[in-house]
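Chemist: Let me begin by handing over the structure; questions about it come next.
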Amino acid sequence: MMNIYKDPTASVPARADDLMARMSFEQKIDQITCLVTITPDIPDFKQYVPNGIGNVGAFSVASSAQQIAEYSYRLQKFLVEETELGIPALIHCEAAAGAQFSEANVFPSAISQSSTFDIEKIGRMASLIKNQMYAVGFRQALSPVFDVARDARWGRITETYGEDPTLTAAMGSAFVRGLQDMQDRTRGIAATAKHFVGHGVTEGGLNMGRNLVTERELEEVHCKPFQAAISEGGLMGIMNSYCSMNGEPIACSNKLLTDLLRGRLGFAGFVVSDYISIDRIVDPFCVASTYEEAGIKALKAGLDVEYPRPKGYTYALKGAVERGDIDMATIDRAVRRVLTAKFTLGLFEQPYPDTEMLKCVLHTKEADELNLTLAKEAVTLLKNEHGALPLCADIRKIAVIGPHGDSVRSYFAPFSYPAALDMTISRDEDGQGWEEPGLIIYDIRQQYVGQIRETTPRVEKRIRDDYRNVKPLWQAVAERAPQTTVSYAKGINYAGTDVGGIDEALAVAAEADVVILTLGGKNGWGVTSTVGEGVDSTDIDLPGRQEEFARAVFALHRKTVVVHFDGRPLSNCFVASHFDAIVEAWQLGEFGGQALAAILFGDANPSGRLPITAARNAGQLPVYYSLPRGSGYVSTGHTGMIRNTKGYINDTAKPLYCFGHGLSYTTFAYRALTLSEKEIAADGKVTATIVVENTGNRDGAEVVQLYVTDTVASMVRPTLELLGFNRVHVKAGKAVTVMFEVEASGLAFLDADMNWRVEAGEFVFKVGGASDRIEQTAAFTVKNTKIIDGKTRAFYARVK
């Protein structure tokens, strides 16, 4: 008779019960620990994990996807056929911009994705990533990142969807639904949203620091994307934040990982530790004296799996159970959650890679076309005066200068495979070994404070060899304009310290009819990057001496287009005020060069929008459009004993560019905002209808943004909140009608008793093309007050 846990017709709870009844203590611990390998070779798994393992991080640097699939096959074959119970492993990798393994598509970074405001295409992208991961046997993605980013000193902005919880909820929920496969979970990938919670707002902007966030803001803002993915997409996994909050490391906070996450948010999946989070409970947090004690604290709090290797979750816990330091039921709870995920994914029936599928999912026409389209949609035109763009086809000479003009590395964000290659090669150049097998530690070793070392040429060569679609900007421009002489000169490095090439670059620029000036830092890890994970900065301006370079270029009085590459938005007042055309490029993925060339020459009409506010300088931080009334630039000049309409005595409090900003080569007019109801009940809904007309002579896409203001509330509310958005294509001279359906529950907030409350009163809808470009307004009233279930509230307006 077949064991129940092997019977696919049995229920998931029954299968988990049966399997757990057969497991020894050690076999249970194996399921809540992890093995990570970083090697081009396939290890001897019997030597590494003779009794089995529950979770595997396969960060292979093998040169082909076929080798990756072979890795998965051998691992699972060993586990299924040579261990006592035959429990397959859950293999994970990063996937926010594409699966992090060789030959997989590399899409634009998360911040670039959110610049598109295109939910439908993000869902399609996630579905393509799902297929590529499934084909090699990887069934868990350590993505997406739900951190709400509001401090540009923090180096991880590019991994996020920006500053707004509604935009993050909409983009992230679409990603989760596409990845997990809502139709058939056995063909899906377990999404693991991170970093729970508040990781994007730390003290000093330093990664992994203390979270400075109130309980109310934590749930209303930072939990909103997680709640949307849980409620709408059945989110399967969550990864904890490295930070501490209210005196507790989040990795061992029962209040956050159980009371908040499972109690108030209703999460039913499994929680995994960010790498070495349990180590940090001992050092630097010092709330446990041993790793065993740290492991006990984390398990009790609700952290189910330890990554990347067993340090606190070891066989030694058996003694802790015998001493009464931890109940066996607590360990069983974690094991059950892991097994439930595996049964749900169908791993016991199909643990292996699908090599036939693999032949037809990598770099398909569909994937490449979507990749290019997303890159074009992400490009954000910040400024365009005096007809600087688009460029004409008959230009005689173009000079592409600056640190990114001949760099393909600039197109890729951290946690993409090319960036991982960079890290691996750069660590090797630094002579850094492995403290433990599979433990990725990158020490930033600077010879002097602020040193940024140049990236080895090996990185550029490897990326160009591996990714044949990728083209540096100068090449993409030259191929787009074959009748034009296109010259390139670097001039300065991305850190802005090596200025030896400036004279050459200025000479090339002086001879050109048009100059394309590339500026910005490098996004990645370690001492070769200016921004990235653990690469935070007190200065958010252009790195090094890049402004000096820009001033010299401006002095030439040539027609100049600035293209900004970075992991944080442009924050340089000289560039913003002096150059006629400025393009925000972020990291656009494999087709970044082609996308930029298409935008620059007008083959595509720019339609990206900023998903984050661009501060003038670090002194304004944190700055974001939805500041609560009485705070920041939205409060300047209001009631007070001393009024300063500018905010600061030495500067304006207003940012350089506001959330939602982005220009087009055409113009749009908004008219006839109407509401279906002037008064609704607290459980009702209202439809807002707006007409958007393309008043220019080019077809183009507009991102229609719906905001709301609560006129008078019982708690201090944001001056403005994004409720919904819709990306619409409008032909020249034509108009489209956009309808937003808004449920009253989407207006709810936490009252003084921390209940979700739809409150009676007046609300004003504000519609426009950016948070600072409101074109139409209309007021309505909610006629009664009601306490609601926050888990089932509306998270963003639906477009009808």
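Chain labels A, B, ... are given in the sequence in which chains occur in the structure tokens; within each chain residues are numbered consecutively from 1, and ligands are likewise numbered from 1 in the order shown.
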Give me the residues near Tyr665 (chain A) as a PyMOL selection string, where near means some atom within 10 Å (using only C-alpha atoms) and where sequence neighbours in that chain fewer than 5 positions away do not count.

Modeler: chain A and resi 381+384+387+389-390+599+602+604-607+696-701

Chemist: Deliver the residues from the most recent selection as a file, using N, CA, C and O atoms, as a compact mmCIF listing (two decimals), in the first residue's frame.

Modeler:
```txt
# COMPACT_ATOMS: atom_id res chain seq x y z
N LEU A 381 11.96 60.32 -19.36
CA LEU A 381 12.43 61.62 -19.84
C LEU A 381 12.15 62.65 -18.75
O LEU A 381 11.01 63.02 -18.51
N ASN A 384 13.14 68.09 -21.27
CA ASN A 384 13.30 68.18 -22.72
C ASN A 384 12.91 69.59 -23.17
O ASN A 384 11.73 69.88 -23.35
N GLY A 387 13.49 71.62 -27.98
CA GLY A 387 13.47 70.58 -28.99
C GLY A 387 14.71 69.71 -29.03
O GLY A 387 15.09 69.20 -30.08
N LEU A 389 15.22 66.72 -27.90
CA LEU A 389 14.89 65.36 -28.30
C LEU A 389 13.52 65.34 -28.96
O LEU A 389 12.67 66.17 -28.64
N PRO A 390 13.28 64.40 -29.86
CA PRO A 390 14.19 63.33 -30.32
C PRO A 390 15.26 63.86 -31.27
O PRO A 390 15.12 64.94 -31.85
N ILE A 599 14.52 55.50 -28.03
CA ILE A 599 13.97 56.69 -27.38
C ILE A 599 14.67 57.95 -27.89
O ILE A 599 14.02 58.95 -28.23
N GLY A 602 13.52 58.86 -31.33
CA GLY A 602 12.08 59.01 -31.53
C GLY A 602 11.39 57.82 -32.14
O GLY A 602 10.21 57.91 -32.51
N ALA A 604 10.66 55.30 -30.45
CA ALA A 604 9.73 55.02 -29.36
C ALA A 604 9.54 56.32 -28.60
O ALA A 604 10.47 57.12 -28.44
N ASN A 605 8.33 56.53 -28.12
CA ASN A 605 8.00 57.73 -27.39
C ASN A 605 8.19 57.47 -25.90
O ASN A 605 7.60 56.51 -25.37
N PRO A 606 9.01 58.25 -25.19
CA PRO A 606 9.26 57.96 -23.78
C PRO A 606 7.97 58.03 -22.96
O PRO A 606 7.13 58.91 -23.17
N SER A 607 7.83 57.10 -22.02
CA SER A 607 6.61 57.06 -21.21
C SER A 607 6.88 56.57 -19.79
O SER A 607 5.94 56.29 -19.05
N GLY A 696 -0.89 66.30 -29.08
CA GLY A 696 0.31 66.50 -29.89
C GLY A 696 0.19 65.82 -31.24
O GLY A 696 -0.89 65.39 -31.66
N ASN A 697 1.34 65.69 -31.90
CA ASN A 697 1.34 65.11 -33.25
C ASN A 697 2.04 63.76 -33.31
O ASN A 697 2.40 63.29 -34.39
N ARG A 698 2.25 63.13 -32.14
CA ARG A 698 2.85 61.80 -32.08
C ARG A 698 1.97 60.88 -31.25
O ARG A 698 1.41 61.32 -30.23
N ASP A 699 1.87 59.63 -31.62
CA ASP A 699 1.23 58.64 -30.76
C ASP A 699 2.07 58.50 -29.49
O ASP A 699 3.30 58.64 -29.53
N GLY A 700 1.42 58.22 -28.40
CA GLY A 700 2.19 58.07 -27.17
C GLY A 700 1.39 57.43 -26.07
O GLY A 700 0.16 57.26 -26.17
N ALA A 701 2.09 57.05 -25.01
CA ALA A 701 1.44 56.46 -23.83
C ALA A 701 1.49 57.44 -22.67
O ALA A 701 2.51 58.09 -22.43
```

Chemist: I need the residues in region 507-726 of chain A that are helix (DSSP H, G or I) according to DSSP; give them as JSON, numbers by chain.

Modeler: {"A": [507, 508, 509, 510, 526, 527, 528, 546, 547, 548, 549, 550, 551, 552, 553, 554, 573, 574, 575, 576, 577, 578, 592, 593, 594, 595, 596, 597, 598, 599, 600, 618, 619, 620, 632, 633, 634, 635]}

Chemist: Just to be explicit: take each residue in the selection above, keep C-alpha atoms, and write the result as a PDB file, in the first residue's frame.

Modeler:
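Done, and the output landed in again_18.pdb:
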```
ATOM      1  CA  ALA A 507      37.970  67.270 -27.675  1.00  0.00           C
ATOM      2  CA  VAL A 508      35.662  64.604 -29.121  1.00  0.00           C
ATOM      3  CA  ALA A 509      32.602  66.443 -27.808  1.00  0.00           C
ATOM      4  CA  ALA A 510      33.765  69.772 -29.225  1.00  0.00           C
ATOM      5  CA  GLY A 526      31.734  45.709  -2.901  1.00  0.00           C
ATOM      6  CA  VAL A 527      34.511  48.217  -3.423  1.00  0.00           C
ATOM      7  CA  THR A 528      33.948  48.446  -7.187  1.00  0.00           C
ATOM      8  CA  GLN A 546      31.397  63.848 -12.398  1.00  0.00           C
ATOM      9  CA  GLU A 547      29.824  67.280 -11.854  1.00  0.00           C
ATOM     10  CA  GLU A 548      33.160  68.870 -12.722  1.00  0.00           C
ATOM     11  CA  PHE A 549      33.130  66.836 -15.930  1.00  0.00           C
ATOM     12  CA  ALA A 550      29.539  67.871 -16.665  1.00  0.00           C
ATOM     13  CA  ARG A 551      30.395  71.553 -16.160  1.00  0.00           C
ATOM     14  CA  ALA A 552      33.267  71.254 -18.622  1.00  0.00           C
ATOM     15  CA  VAL A 553      30.980  69.630 -21.188  1.00  0.00           C
ATOM     16  CA  PHE A 554      28.340  72.339 -20.691  1.00  0.00           C
ATOM     17  CA  CYS A 573      20.985  70.610  -9.390  1.00  0.00           C
ATOM     18  CA  PHE A 574      23.611  71.769 -11.895  1.00  0.00           C
ATOM     19  CA  VAL A 575      22.790  69.033 -14.384  1.00  0.00           C
ATOM     20  CA  ALA A 576      19.046  69.444 -13.842  1.00  0.00           C
ATOM     21  CA  SER A 577      19.135  73.196 -14.415  1.00  0.00           C
ATOM     22  CA  HIS A 578      21.705  73.550 -17.215  1.00  0.00           C
ATOM     23  CA  GLY A 592      19.121  48.678 -22.663  1.00  0.00           C
ATOM     24  CA  GLY A 593      21.220  50.017 -25.514  1.00  0.00           C
ATOM     25  CA  GLN A 594      18.582  49.326 -28.149  1.00  0.00           C
ATOM     26  CA  ALA A 595      15.848  50.832 -25.943  1.00  0.00           C
ATOM     27  CA  LEU A 596      17.808  54.023 -25.320  1.00  0.00           C
ATOM     28  CA  ALA A 597      18.655  54.425 -29.010  1.00  0.00           C
ATOM     29  CA  ALA A 598      14.968  54.003 -29.902  1.00  0.00           C
ATOM     30  CA  ILE A 599      13.971  56.693 -27.380  1.00  0.00           C
ATOM     31  CA  LEU A 600      16.743  59.120 -28.344  1.00  0.00           C
ATOM     32  CA  ALA A 618      20.885  64.336   1.100  1.00  0.00           C
ATOM     33  CA  GLY A 619      19.819  67.115   3.466  1.00  0.00           C
ATOM     34  CA  GLN A 620      16.207  66.751   2.262  1.00  0.00           C
ATOM     35  CA  GLY A 632       8.326  68.028   4.909  1.00  0.00           C
ATOM     36  CA  TYR A 633       7.879  70.138   1.818  1.00  0.00           C
ATOM     37  CA  VAL A 634       4.109  69.673   1.797  1.00  0.00           C
ATOM     38  CA  SER A 635       3.846  71.633   5.072  1.00  0.00           C
TER      39      SER A 635
END
```

Chemist: Restricting the calculation to only C-alpha atoms, which member of A:Val145, A:Leu675, A:Leu570, A:Val691 is positioned closest to Val728 (chain A)?

Modeler: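 Of A:Val145, A:Leu675, A:Leu570, A:Val691, the one nearest Val728 (chain A), counting only C-alpha atoms, is A:Val691.
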
Chemist: Quick one: distance from CA of Leu303 (chain A) to CA of Pro249 (chain A) in Å, one decimal?

Modeler: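 Separation of CA of Leu303 (chain A) and CA of Pro249 (chain A): 11.9 Å.
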
Chemist: Residues at most 6 Å from region 493-500 of chain A, counting only C-alpha atoms, excluding those fewer than 2 positions away in the same chain, as a list in words?

Modeler: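 Close residues of region 493-500 of chain A: Pro403, Ile502, Gly521, Pro543, Gly544, Arg545 and Gln546 of chain A.
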
Chemist: Quick one: write out the picked residues with C-alpha atoms as a CSV table (one decimal), in the first residue's frame?

Modeler:
```csv
chain,number,residue,atom,x,y,z
A,403,PRO,CA,31.6,56.3,-17.9
A,502,ILE,CA,38.6,64.4,-19.7
A,521,GLY,CA,27.4,55.6,-10.4
A,543,PRO,CA,29.9,60.3,-7.6
A,544,GLY,CA,33.4,61.8,-7.4
A,545,ARG,CA,34.2,64.5,-9.9
A,546,GLN,CA,31.4,63.8,-12.4
```

Chemist: Distance CA of Ser676 (chain A)-CA of Phe749 (chain A), one decimal place?

Modeler: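 Calculated distance between CA of Ser676 (chain A) and CA of Phe749 (chain A) is 23.3 Å.
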
Chemist: Which residues are close to Arg333 (chain A), i.e. within 12 Å by only C-alpha atoms, leaving aside same-chain residues fewer than 2 positions away? Reply as a VMD selection string.

Modeler: chain A and resid 16 to 17 20 28 to 29 31 to 32 268 to 271 299 to 305 327 to 331 335 to 340

Chemist: Residues at most 8 Å from Gly402 (chain A), counting only C-alpha atoms, excluding those fewer than 5 positions away in the same chain, as an NGL selection string?

Modeler: :A and (489-494 or 505 or 517-519)

Chemist: Closest to Phe267 (chain A) among A:Val36, A:Glu377, A:Val712, A:Lys791, using only C-alpha atoms?

Modeler: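 Counting only C-alpha atoms, the residue closest to Phe267 (chain A) is A:Lys791.
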
Chemist: Would you work out the distance separating CA of Ile53 (chain A) from CA of Ala14 (chain A), expressed in Å to one decimal?

Modeler: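 Separation between CA of Ile53 (chain A) and CA of Ala14 (chain A): 21.9 Å.
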
Chemist: Report as a list in words all protein, DNA and RNA residues lying within 7 Å of Ile250 (chain A), evaluated on only C-alpha atoms, omitting residues in the same chain fewer than 6 positions from it.

Modeler: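 Here the answer would be Asn240, Ser241, Tyr242, Cys243, Ser244 and Leu256 of chain A.
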
Chemist: Near Thr687 (chain A), counting only C-alpha atoms, which residues have an atom at most 9 Å away, once you skip same-chain residues fewer than 3 positions from it, shown as number ranges by chain?

Modeler: A: 674-677, 739-743, 800

Chemist: What does the file look like for those residues with all heavy atoms, as a short mmCIF file (atom, residue, chain, number, x, y, z; two decimals), in the first residue's frame?

Modeler:
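Writing done, so here's result15.cif:
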```
data_model
loop_
_atom_site.label_atom_id
_atom_site.label_comp_id
_atom_site.auth_asym_id
_atom_site.auth_seq_id
_atom_site.Cartn_x
_atom_site.Cartn_y
_atom_site.Cartn_z
N THR A 674 -15.57 62.84 -13.96
CA THR A 674 -16.90 62.67 -13.39
C THR A 674 -16.91 61.49 -12.43
O THR A 674 -16.12 60.55 -12.58
CB THR A 674 -17.96 62.43 -14.48
OG1 THR A 674 -17.60 61.25 -15.23
CG2 THR A 674 -18.04 63.62 -15.43
N LEU A 675 -17.80 61.54 -11.47
CA LEU A 675 -17.95 60.46 -10.49
C LEU A 675 -19.32 59.85 -10.63
O LEU A 675 -20.32 60.56 -10.85
CB LEU A 675 -17.76 60.98 -9.07
CG LEU A 675 -16.45 61.72 -8.76
CD1 LEU A 675 -16.39 62.08 -7.29
CD2 LEU A 675 -15.24 60.88 -9.16
N SER A 676 -19.37 58.53 -10.49
CA SER A 676 -20.67 57.84 -10.62
C SER A 676 -21.58 58.15 -9.44
O SER A 676 -22.81 58.06 -9.56
CB SER A 676 -20.45 56.33 -10.71
OG SER A 676 -19.81 55.85 -9.53
N GLU A 677 -20.98 58.49 -8.31
CA GLU A 677 -21.76 58.80 -7.10
C GLU A 677 -21.14 60.02 -6.41
O GLU A 677 -19.92 60.19 -6.43
CB GLU A 677 -21.73 57.61 -6.12
CG GLU A 677 -22.06 56.27 -6.72
CD GLU A 677 -23.52 56.10 -7.07
OE1 GLU A 677 -24.34 56.89 -6.54
OE2 GLU A 677 -23.85 55.22 -7.88
N MET A 739 -11.61 54.60 -16.71
CA MET A 739 -12.54 54.47 -15.59
C MET A 739 -11.85 53.74 -14.44
O MET A 739 -11.37 52.62 -14.61
CB MET A 739 -13.80 53.72 -16.04
CG MET A 739 -14.52 54.37 -17.21
SD MET A 739 -15.89 53.35 -17.83
CE MET A 739 -17.04 53.49 -16.47
N PHE A 740 -11.80 54.37 -13.29
CA PHE A 740 -11.25 53.77 -12.08
C PHE A 740 -12.39 53.40 -11.15
O PHE A 740 -13.21 54.26 -10.79
CB PHE A 740 -10.32 54.74 -11.35
CG PHE A 740 -9.06 55.08 -12.08
CD1 PHE A 740 -8.92 56.28 -12.75
CD2 PHE A 740 -7.98 54.21 -12.07
CE1 PHE A 740 -7.75 56.62 -13.40
CE2 PHE A 740 -6.79 54.52 -12.72
CZ PHE A 740 -6.69 55.73 -13.39
N GLU A 741 -12.44 52.15 -10.75
CA GLU A 741 -13.44 51.72 -9.77
C GLU A 741 -12.77 51.68 -8.40
O GLU A 741 -11.83 50.90 -8.18
CB GLU A 741 -14.00 50.35 -10.12
CG GLU A 741 -15.11 49.90 -9.19
CD GLU A 741 -15.69 48.55 -9.57
OE1 GLU A 741 -15.09 47.53 -9.18
OE2 GLU A 741 -16.72 48.53 -10.27
N VAL A 742 -13.27 52.50 -7.50
CA VAL A 742 -12.66 52.64 -6.17
C VAL A 742 -13.62 52.12 -5.11
O VAL A 742 -14.75 52.62 -4.98
CB VAL A 742 -12.31 54.11 -5.88
CG1 VAL A 742 -11.69 54.24 -4.48
CG2 VAL A 742 -11.37 54.66 -6.94
N GLU A 743 -13.18 51.12 -4.36
CA GLU A 743 -13.97 50.64 -3.24
C GLU A 743 -13.69 51.51 -2.02
O GLU A 743 -12.55 51.93 -1.79
CB GLU A 743 -13.62 49.19 -2.92
CG GLU A 743 -14.00 48.21 -4.03
CD GLU A 743 -13.72 46.77 -3.63
OE1 GLU A 743 -13.78 46.48 -2.41
OE2 GLU A 743 -13.43 45.96 -4.52
N LYS A 800 -11.49 49.86 -15.20
CA LYS A 800 -12.58 49.17 -15.91
C LYS A 800 -12.40 49.37 -17.41
O LYS A 800 -12.02 50.45 -17.86
CB LYS A 800 -13.93 49.75 -15.46
CG LYS A 800 -14.23 49.47 -13.99
CD LYS A 800 -15.54 50.12 -13.56
CE LYS A 800 -16.74 49.48 -14.23
NZ LYS A 800 -18.00 50.03 -13.72
#
```

Chemist: In terms of the shortest atom-to-atom distance over only C-alpha atoms, which of A:Arg74, A:Lys559, A:Arg22, A:Arg139 is closest to Lys342 (chain A)?

Modeler: A:Arg139

Chemist: Looking at only C-alpha atoms, which of A:Phe591, A:Trp434, A:Phe285, A:Tyr352 is the one that sits closest to Phe412 (chain A)?

Modeler: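 Once distances to Phe412 (chain A) are computed over only C-alpha atoms, the minimum belongs to A:Phe591.
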
Chemist: Identify which of the residues A:Lys77, A:Arg280, A:Arg15, A:Lys194 lies closest to Phe45 (chain A), counting only C-alpha atoms when measuring atom-to-atom distances.

Modeler: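 The shortest atom-to-atom distance to Phe45 (chain A) comes from A:Lys77.
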
Chemist: When DSSP is applied to the backbone of this structure, which of region 266-439 of chain A are assigned strand (DSSP E or B)? Write them out as a PyMOL selection string.

Modeler: chain A and resi 270-272+305+380-384+397-401

Chemist: Give the answer as one residue: which of A:Glu232, A:Glu163, A:Asp772, A:Glu702 has the shortest atom-to-atom distance to Cys658 (chain A), using only C-alpha atoms?

Modeler: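 Looking at the shortest contact to Cys658 (chain A), the residue is A:Asp772.
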